[in-house]
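Structure file target_28.cif with mmCIF, C-alpha atoms:
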```cif
data_final
#
loop_
_atom_site.group_PDB
_atom_site.id
_atom_site.type_symbol
_atom_site.label_atom_id
_atom_site.label_comp_id
_atom_site.auth_asym_id
_atom_site.auth_seq_id
_atom_site.Cartn_x
_atom_site.Cartn_y
_atom_site.Cartn_z
ATOM 1 C CA MET A 1 31.581 166.152 62.695
ATOM 2 C CA ALA A 2 32.653 162.633 61.695
ATOM 3 C CA LEU A 3 30.426 160.619 59.391
ATOM 4 C CA GLU A 4 28.565 157.975 61.392
ATOM 5 C CA ILE A 5 28.774 154.659 59.571
ATOM 6 C CA ARG A 6 26.979 151.377 60.149
ATOM 7 C CA GLN A 7 26.786 148.147 58.201
ATOM 8 C CA ALA A 8 23.668 147.928 56.041
ATOM 9 C CA ASP A 9 21.443 144.866 56.181
ATOM 10 C CA GLN A 10 18.531 143.507 54.159
ATOM 11 C CA SER A 11 16.156 146.114 55.618
ATOM 12 C CA ASP A 12 18.284 148.838 53.955
ATOM 13 C CA ARG A 13 18.298 147.186 50.542
ATOM 14 C CA ASP A 14 15.780 149.451 48.783
ATOM 15 C CA ALA A 15 17.149 152.655 50.336
ATOM 16 C CA VAL A 16 20.689 151.798 49.222
ATOM 17 C CA ALA A 17 19.452 150.932 45.706
ATOM 18 C CA ARG A 18 17.633 154.306 45.544
ATOM 19 C CA LEU A 19 20.801 156.098 46.668
ATOM 20 C CA LEU A 20 22.858 154.371 43.938
ATOM 21 C CA ASP A 21 20.180 155.217 41.375
ATOM 22 C CA GLU A 22 20.190 158.914 42.334
ATOM 23 C CA ALA A 23 23.986 159.160 42.547
ATOM 24 C CA PHE A 24 24.675 157.436 39.214
ATOM 25 C CA ARG A 25 21.643 158.513 37.151
ATOM 26 C CA THR A 26 23.767 160.933 35.050
ATOM 27 C CA ASP A 27 27.041 158.974 35.280
ATOM 28 C CA PRO A 28 28.732 158.432 31.872
ATOM 29 C CA VAL A 29 28.530 154.635 32.148
ATOM 30 C CA SER A 30 24.876 154.600 33.233
ATOM 31 C CA SER A 31 24.076 157.030 30.414
ATOM 32 C CA TRP A 32 25.787 154.663 27.962
ATOM 33 C CA VAL A 33 23.982 151.564 29.270
ATOM 34 C CA PHE A 34 20.614 153.375 29.147
ATOM 35 C CA PRO A 35 20.879 156.215 26.577
ATOM 36 C CA ASP A 36 17.216 157.259 26.850
ATOM 37 C CA PRO A 37 16.772 159.316 30.075
ATOM 38 C CA GLU A 38 13.124 158.265 30.593
ATOM 39 C CA HIS A 39 13.944 154.595 30.177
ATOM 40 C CA ARG A 40 16.978 155.009 32.473
ATOM 41 C CA ALA A 41 14.731 156.529 35.159
ATOM 42 C CA ALA A 42 12.458 153.467 34.934
ATOM 43 C CA VAL A 43 15.078 150.670 35.070
ATOM 44 C CA HIS A 44 18.328 152.081 36.487
ATOM 45 C CA GLY A 45 17.423 151.373 40.124
ATOM 46 C CA LYS A 46 16.639 147.724 39.313
ATOM 47 C CA PHE A 47 19.972 147.432 37.470
ATOM 48 C CA LEU A 48 21.996 148.772 40.417
ATOM 49 C CA GLY A 49 19.862 146.856 42.902
ATOM 50 C CA VAL A 50 21.618 143.688 41.713
ATOM 51 C CA PHE A 51 24.914 145.146 43.020
ATOM 52 C CA VAL A 52 23.211 145.773 46.375
ATOM 53 C CA ASP A 53 21.995 142.172 46.487
ATOM 54 C CA VAL A 54 25.482 140.831 45.684
ATOM 55 C CA ALA A 55 27.123 143.007 48.346
ATOM 56 C CA LEU A 56 24.537 142.037 50.982
ATOM 57 C CA ALA A 57 24.974 138.332 50.190
ATOM 58 C CA GLU A 58 28.734 138.126 49.612
ATOM 59 C CA GLY A 59 30.327 141.275 51.016
ATOM 60 C CA ARG A 60 29.389 144.295 53.066
ATOM 61 C CA ILE A 61 27.784 147.680 52.639
ATOM 62 C CA ASP A 62 29.088 150.536 54.761
ATOM 63 C CA TYR A 63 26.186 152.959 55.055
ATOM 64 C CA ALA A 64 26.079 156.467 56.466
ATOM 65 C CA VAL A 65 23.597 156.570 59.349
ATOM 66 C CA ASP A 66 21.940 159.622 57.757
ATOM 67 C CA GLY A 67 21.516 157.755 54.432
ATOM 68 C CA SER A 68 23.786 160.156 52.525
ATOM 69 C CA ALA A 69 26.406 157.651 51.341
ATOM 70 C CA ALA A 70 27.051 153.934 50.846
ATOM 71 C CA ALA A 71 30.068 151.846 49.854
ATOM 72 C CA LEU A 72 29.667 148.286 48.555
ATOM 73 C CA TRP A 73 32.687 146.043 49.217
ATOM 74 C CA LEU A 74 33.586 142.460 48.307
ATOM 75 C CA ARG A 75 36.650 140.589 49.568
ATOM 76 C CA VAL A 76 37.973 138.811 46.462
ATOM 77 C CA PRO A 77 40.297 135.836 46.957
ATOM 78 C CA ALA A 78 43.427 135.295 44.870
ATOM 79 C CA GLY A 79 43.122 133.029 41.844
ATOM 80 C CA GLU A 80 40.874 132.666 38.854
ATOM 81 C CA PRO A 81 37.198 132.660 39.848
ATOM 82 C CA GLU A 82 35.459 129.297 39.692
ATOM 83 C CA GLY A 83 32.749 129.192 37.053
ATOM 84 C CA GLU A 84 31.187 132.098 35.213
ATOM 85 C CA ASP A 85 30.129 135.271 37.021
ATOM 86 C CA GLU A 86 26.326 135.274 36.847
ATOM 87 C CA THR A 87 26.010 138.934 37.900
ATOM 88 C CA PRO A 88 26.154 140.586 34.425
ATOM 89 C CA ALA A 89 23.473 138.254 33.036
ATOM 90 C CA LYS A 90 21.339 138.800 36.137
ATOM 91 C CA MET A 91 21.616 142.583 35.772
ATOM 92 C CA ARG A 92 20.325 142.318 32.222
ATOM 93 C CA ALA A 93 17.540 139.888 33.138
ATOM 94 C CA VAL A 94 16.352 141.967 36.100
ATOM 95 C CA ALA A 95 16.607 145.437 34.589
ATOM 96 C CA ASP A 96 16.314 145.369 30.808
ATOM 97 C CA PRO A 97 16.382 141.934 29.094
ATOM 98 C CA ASP A 98 16.560 143.363 25.552
ATOM 99 C CA ASN A 99 19.545 145.625 26.350
ATOM 100 C CA GLU A 100 22.836 143.770 25.869
ATOM 101 C CA ARG A 101 24.764 146.736 27.305
ATOM 102 C CA CYS A 102 23.437 145.802 30.774
ATOM 103 C CA GLU A 103 25.454 142.611 30.549
ATOM 104 C CA LEU A 104 28.361 143.840 28.427
ATOM 105 C CA VAL A 105 29.613 146.408 30.940
ATOM 106 C CA GLY A 106 30.034 143.666 33.560
ATOM 107 C CA ARG A 107 31.681 141.266 31.119
ATOM 108 C CA LEU A 108 34.224 143.887 29.990
ATOM 109 C CA THR A 109 35.154 144.972 33.514
ATOM 110 C CA GLY A 110 35.267 141.348 34.662
ATOM 111 C CA ALA A 111 37.773 140.538 31.903
ATOM 112 C CA VAL A 112 40.361 142.958 33.347
ATOM 113 C CA HIS A 113 39.685 142.332 37.059
ATOM 114 C CA PRO A 114 42.982 141.318 38.712
ATOM 115 C CA THR A 115 43.228 137.777 40.060
ATOM 116 C CA ALA A 116 46.818 137.466 41.341
ATOM 117 C CA GLU A 117 46.220 138.751 44.889
ATOM 118 C CA GLU A 118 43.434 138.736 47.436
ATOM 119 C CA HIS A 119 41.951 142.246 47.600
ATOM 120 C CA GLU A 120 39.068 144.395 48.718
ATOM 121 C CA TYR A 121 36.908 145.289 45.717
ATOM 122 C CA LEU A 122 35.010 148.557 45.940
ATOM 123 C CA LEU A 123 32.091 147.499 43.793
ATOM 124 C CA MET A 124 30.373 150.881 44.037
ATOM 125 C CA ILE A 125 30.365 153.957 46.216
ATOM 126 C CA ALA A 126 27.565 156.496 46.140
ATOM 127 C CA VAL A 127 26.997 159.872 47.732
ATOM 128 C CA ALA A 128 23.608 161.594 47.540
ATOM 129 C CA PRO A 129 23.672 164.225 44.766
ATOM 130 C CA GLY A 130 23.072 167.110 47.187
ATOM 131 C CA ARG A 131 25.998 166.033 49.369
ATOM 132 C CA GLN A 132 28.669 165.360 46.729
ATOM 133 C CA GLY A 133 31.898 167.292 47.083
ATOM 134 C CA GLU A 134 31.796 167.278 50.915
ATOM 135 C CA GLY A 135 34.379 164.500 51.320
ATOM 136 C CA LEU A 136 31.819 161.898 52.426
ATOM 137 C CA GLY A 137 33.121 159.288 49.959
ATOM 138 C CA GLY A 138 36.650 159.510 51.329
ATOM 139 C CA GLU A 139 35.366 159.387 54.891
ATOM 140 C CA LEU A 140 33.215 156.347 54.099
ATOM 141 C CA MET A 141 36.165 154.476 52.538
ATOM 142 C CA ARG A 142 38.670 155.363 55.263
ATOM 143 C CA PRO A 143 37.901 152.511 57.718
ATOM 144 C CA VAL A 144 38.248 149.809 55.034
ATOM 145 C CA LEU A 145 41.400 151.365 53.559
ATOM 146 C CA GLU A 146 42.934 151.637 57.033
ATOM 147 C CA ARG A 147 42.147 147.969 57.603
ATOM 148 C CA CYS A 148 43.716 147.139 54.218
ATOM 149 C CA ASP A 149 46.858 148.990 55.297
ATOM 150 C CA ARG A 150 46.992 147.189 58.658
ATOM 151 C CA GLU A 151 46.445 143.762 57.068
ATOM 152 C CA GLY A 152 48.631 144.372 53.996
ATOM 153 C CA VAL A 153 45.699 143.864 51.599
ATOM 154 C CA PRO A 154 45.379 145.824 48.342
ATOM 155 C CA ALA A 155 42.118 147.275 47.032
ATOM 156 C CA TYR A 156 40.610 147.560 43.560
ATOM 157 C CA LEU A 157 37.856 149.490 41.776
ATOM 158 C CA GLU A 158 36.766 150.749 38.371
ATOM 159 C CA ALA A 159 36.313 154.523 38.110
ATOM 160 C CA SER A 160 33.446 155.469 35.815
ATOM 161 C CA SER A 161 34.336 159.131 35.299
ATOM 162 C CA GLU A 162 37.374 161.412 35.155
ATOM 163 C CA ARG A 163 36.096 163.167 38.284
ATOM 164 C CA SER A 164 35.920 159.987 40.348
ATOM 165 C CA LYS A 165 39.297 158.826 38.996
ATOM 166 C CA GLY A 166 40.846 162.006 40.404
ATOM 167 C CA LEU A 167 39.200 161.446 43.799
ATOM 168 C CA TYR A 168 40.527 157.905 43.995
ATOM 169 C CA GLU A 169 44.028 158.988 42.990
ATOM 170 C CA ARG A 170 44.074 161.393 45.936
ATOM 171 C CA LEU A 171 43.271 158.420 48.193
ATOM 172 C CA GLY A 172 46.196 156.339 46.934
ATOM 173 C CA TRP A 173 44.644 154.397 44.044
ATOM 174 C CA GLU A 174 46.611 154.125 40.795
ATOM 175 C CA PHE A 175 45.300 153.527 37.291
ATOM 176 C CA THR A 176 46.364 150.038 36.175
ATOM 177 C CA GLY A 177 47.226 151.316 32.694
ATOM 178 C CA GLU A 178 44.529 149.406 30.807
ATOM 179 C CA ALA A 179 41.267 151.333 30.425
ATOM 180 C CA VAL A 180 38.013 149.562 29.600
ATOM 181 C CA GLN A 181 36.569 151.045 26.403
ATOM 182 C CA LEU A 182 32.803 150.623 26.204
ATOM 183 C CA PRO A 183 31.829 150.240 22.515
ATOM 184 C CA ASP A 184 30.962 153.706 21.154
ATOM 185 C CA GLY A 185 30.939 154.834 24.766
ATOM 186 C CA PRO A 186 32.993 156.164 27.659
ATOM 187 C CA LEU A 187 36.113 154.766 29.259
ATOM 188 C CA MET A 188 36.290 153.085 32.653
ATOM 189 C CA TRP A 189 39.551 153.153 34.639
ATOM 190 C CA PRO A 190 40.543 150.055 36.624
ATOM 191 C CA MET A 191 42.474 151.252 39.691
ATOM 192 C CA TRP A 192 44.614 149.420 42.246
ATOM 193 C CA ARG A 193 45.634 150.613 45.695
ATOM 194 C CA LYS A 194 48.651 149.029 47.322
ATOM 195 C CA PRO A 195 48.511 148.823 51.109
ATOM 196 C CA ARG A 196 50.452 151.570 52.822
ATOM 197 C CA GLY A 197 52.987 150.366 55.373
#
```
Would you give me this structure, written as structure tokens?
Amino acid sequence: MALEIRQADQSDRDAVARLLDEAFRTDPVSSWVFPDPEHRAAVHGKFLGVFVDVALAEGRIDYAVDGSAAALWLRVPAGEPEGEDETPAKMRAVADPDNERCELVGRLTGAVHPTAEEHEYLLMIAVAPGRQGEGLGGELMRPVLERCDREGVPAYLEASSERSKGLYERLGWEFTGEAVQLPDGPLMWPMWRKPRG
């Protein structure tokens, strides 16, 4: 049975934030940003909720009708961004003001984000923990990647684990060659997907 997908709106905001929180609670990057598991449980959803707000305001969220998966996309124009990206500072302010890692992860990934070509940016994709490994992530991405192929538009993301990097590679993404090293923490892999003709 095909995954039924709809576009999320403001009424889905909290449910999508909860899904991201559950899916990424034990992710290497989230564990680095919030090393204490109890503290992570308290603030992680607020931290990722900022991504939901950005995607609702500036992009789109493809959401499984059954609530099992969500993909947050932004269409990024070519060229250097105008002004400073406020998102990392907002994530810190909203979630954990005394934790500079909240902001640092966004600053480090922002520093390597490609600017030469317009592209679709997969900000985050989440699958409910009990449903991971069923292919829902690939199914959720398929419509956007097919549109990218039709329109000749590349796509970009940062993989936060070896496991997710492997999944993305199977879907045509390639590691850019320059990993993001979080200080005393894990690597993140910027990945680019050229449109398929």
Kindly indicate which residue among A:Gln7, A:Ser164, A:Ser31, A:Ser68 lies nearest to Val43 in chain A, using all atoms listed in the file for the distances. A:Ser31
I need the output of the PyMOL selection byres ((chain A and resi 173) around 10) for this file as an MDAnalysis selection string; which residues are they? chainID A and resid 154:157 165:172 174:176 190:195
For the contact check between range 121-159 of chain A and range 71-87 of chain A, emit one row per residue of range 121-159 of chain A within 6 Å, containing the shortest atom pair and the distance in Å rounded to one decimal, counting only C-alpha atoms, chain then rising number order, as JSON lines.
```
{"residue": "A:Tyr121", "atom": "CA", "partner": "A:Leu74", "partner_atom": "CA", "distance": 5.1}
{"residue": "A:Leu122", "atom": "CA", "partner": "A:Trp73", "partner_atom": "CA", "distance": 4.7}
{"residue": "A:Leu123", "atom": "CA", "partner": "A:Leu72", "partner_atom": "CA", "distance": 5.4}
{"residue": "A:Met124", "atom": "CA", "partner": "A:Leu72", "partner_atom": "CA", "distance": 5.3}
{"residue": "A:Ile125", "atom": "CA", "partner": "A:Ala71", "partner_atom": "CA", "distance": 4.2}
```
If you measure from CA of Ala179 in chain A to CA of Arg60 in chain A, what distance in Å do you get, rounded to one decimal?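 Between these atoms lies a distance of 26.5 Å.
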Which is closer to Thr109 in chain A than all the others in A:Tyr63, A:Phe51, A:Trp189, A:Phe34, using all atoms listed in the file?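 Selected residue with least distance to Thr109 in chain A: A:Trp189.
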When you draw a straight line from CA of Asp14 in chain A to CA of Arg40 in chain A, how long is it in Å?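 Separation of CA of Asp14 in chain A and CA of Arg40 in chain A: 17.3 Å.
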What lies within 12 Å of Val94 in chain A using all atoms listed in the file, ignoring chain neighbours under 4 positions off, as a count of residues only? 18
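You will find CA of His39 in chain A at 28.0 Å from CA of Ala57 in chain A.
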Using only C-alpha atoms, pick whichever of A:Leu182, A:Leu19, A:Val29, A:Ala69 has the shortest atom-to-atom distance to Gly138 in chain A.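 Counting only C-alpha atoms, the residue closest to Gly138 in chain A is A:Ala69.
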Counting all atoms listed in the file, which of A:Ala64, A:Gly59, A:Glu151, A:Arg25 gets nearest to Pro37 in chain A?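 Closest candidate: A:Arg25.
Shortest atom-to-atom contact with Gly197 in chain A among A:Gly152, A:Gly130, A:Gly106, A:Gly67: A:Gly152, counting all atoms listed in the file.
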Taking all atoms of range 74-83 of chain A that appear in the file, build a box with edges along x, y and z, extend it by 4 Å on every side, and state its centre and edge lengths in Å to one decimal, as lines of an AutoDock Vina configuration file.
```
center_x = 38.1
center_y = 135.8
center_z = 43.3
size_x = 18.7
size_y = 21.3
size_z = 20.5
```
Minimum-distance residue to Met141 in chain A, chosen among A:Leu108, A:Ala126, A:Ala15, A:Leu187 (using only C-alpha atoms): A:Ala126
Please evaluate the PyMOL selection byres ((chain A and resi 26) around 12) against the structure above and give the resulting residues as a list of chain:residue names.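 Taken on the displayed file, the PyMOL selection byres ((chain A and resi 26) around 12) yields the residues A:Leu20, A:Asp21, A:Glu22, A:Ala23, A:Phe24, A:Arg25, A:Asp27, A:Pro28, A:Val29, A:Ser30, A:Ser31, A:Trp32, A:Val33, A:Phe34, A:Pro35, A:Asp36, A:Pro37, A:Glu38, A:Arg40, A:Ala41, A:His44, A:Pro129, A:Ser160, A:Ser161.
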My structure is short of atoms at range 75-101 of chain A; please model N, CA, C and O atoms there, returning them as a compact mmCIF listing (two decimals), keeping the file's coordinate frame.
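As a result, selection-v7.txt now contains:
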```txt
# COMPACT_ATOMS: atom_id res chain seq x y z
N ARG A 75 35.29 141.10 49.39
CA ARG A 75 36.65 140.59 49.57
C ARG A 75 36.83 139.51 48.51
O ARG A 75 36.13 138.50 48.52
N VAL A 76 37.76 139.73 47.59
CA VAL A 76 37.97 138.81 46.46
C VAL A 76 39.23 137.99 46.72
O VAL A 76 40.31 138.57 46.92
N PRO A 77 39.11 136.66 46.72
CA PRO A 77 40.30 135.84 46.96
C PRO A 77 41.22 135.83 45.74
O PRO A 77 40.80 136.14 44.63
N ALA A 78 42.48 135.44 45.97
CA ALA A 78 43.43 135.29 44.87
C ALA A 78 43.02 134.09 44.02
O ALA A 78 42.39 133.16 44.51
N GLY A 79 43.38 134.15 42.75
CA GLY A 79 43.12 133.03 41.84
C GLY A 79 41.96 133.29 40.91
O GLY A 79 41.12 134.15 41.16
N GLU A 80 41.96 132.53 39.83
CA GLU A 80 40.87 132.67 38.85
C GLU A 80 39.55 132.26 39.51
O GLU A 80 39.49 131.26 40.22
N PRO A 81 38.49 133.02 39.27
CA PRO A 81 37.20 132.66 39.85
C PRO A 81 36.71 131.32 39.29
O PRO A 81 36.99 131.00 38.13
N GLU A 82 36.02 130.58 40.14
CA GLU A 82 35.46 129.30 39.69
C GLU A 82 34.13 129.55 39.00
O GLU A 82 33.25 130.21 39.54
N GLY A 83 34.00 129.03 37.79
CA GLY A 83 32.75 129.19 37.05
C GLY A 83 32.56 130.61 36.53
O GLY A 83 33.37 131.50 36.77
N GLU A 84 31.48 130.81 35.83
CA GLU A 84 31.19 132.10 35.21
C GLU A 84 30.48 133.01 36.21
O GLU A 84 29.66 132.56 37.00
N ASP A 85 30.81 134.29 36.17
CA ASP A 85 30.13 135.27 37.02
C ASP A 85 28.72 135.48 36.46
O ASP A 85 28.55 135.92 35.33
N GLU A 86 27.73 135.16 37.28
CA GLU A 86 26.33 135.27 36.85
C GLU A 86 25.80 136.70 36.93
O GLU A 86 24.74 137.01 36.40
N THR A 87 26.54 137.59 37.62
CA THR A 87 26.01 138.93 37.90
C THR A 87 25.66 139.71 36.64
O THR A 87 24.56 140.28 36.56
N PRO A 88 26.54 139.80 35.60
CA PRO A 88 26.15 140.59 34.42
C PRO A 88 24.86 140.10 33.77
O PRO A 88 24.00 140.92 33.41
N ALA A 89 24.70 138.79 33.64
CA ALA A 89 23.47 138.25 33.04
C ALA A 89 22.26 138.57 33.91
O ALA A 89 21.18 138.87 33.40
N LYS A 90 22.45 138.50 35.23
CA LYS A 90 21.34 138.80 36.14
C LYS A 90 20.94 140.27 36.03
O LYS A 90 19.75 140.61 36.08
N MET A 91 21.92 141.16 35.89
CA MET A 91 21.62 142.58 35.77
C MET A 91 20.76 142.84 34.54
O MET A 91 19.81 143.62 34.58
N ARG A 92 21.10 142.17 33.45
CA ARG A 92 20.32 142.32 32.22
C ARG A 92 18.92 141.74 32.40
O ARG A 92 17.93 142.38 32.04
N ALA A 93 18.84 140.54 32.97
CA ALA A 93 17.54 139.89 33.14
C ALA A 93 16.61 140.69 34.04
O ALA A 93 15.42 140.84 33.75
N VAL A 94 17.16 141.24 35.12
CA VAL A 94 16.35 141.97 36.10
C VAL A 94 15.93 143.34 35.58
O VAL A 94 14.79 143.77 35.78
N ALA A 95 16.85 144.03 34.92
CA ALA A 95 16.61 145.44 34.59
C ALA A 95 16.04 145.66 33.19
O ALA A 95 15.12 146.45 33.01
N ASP A 96 16.61 144.99 32.19
CA ASP A 96 16.31 145.37 30.81
C ASP A 96 16.73 144.23 29.87
O ASP A 96 17.77 144.30 29.22
N PRO A 97 15.96 143.14 29.81
CA PRO A 97 16.38 141.93 29.09
C PRO A 97 16.79 142.14 27.63
O PRO A 97 17.64 141.40 27.13
N ASP A 98 16.23 143.14 26.96
CA ASP A 98 16.56 143.36 25.55
C ASP A 98 17.80 144.23 25.35
O ASP A 98 18.20 144.50 24.21
N ASN A 99 18.42 144.68 26.43
CA ASN A 99 19.55 145.62 26.35
C ASN A 99 20.85 144.89 26.67
O ASN A 99 21.18 144.69 27.83
N GLU A 100 21.60 144.52 25.64
CA GLU A 100 22.84 143.77 25.87
C GLU A 100 23.90 144.58 26.60
O GLU A 100 24.80 144.02 27.23
N ARG A 101 23.78 145.90 26.59
CA ARG A 101 24.76 146.74 27.30
C ARG A 101 24.74 146.49 28.81
O ARG A 101 25.75 146.64 29.48
```
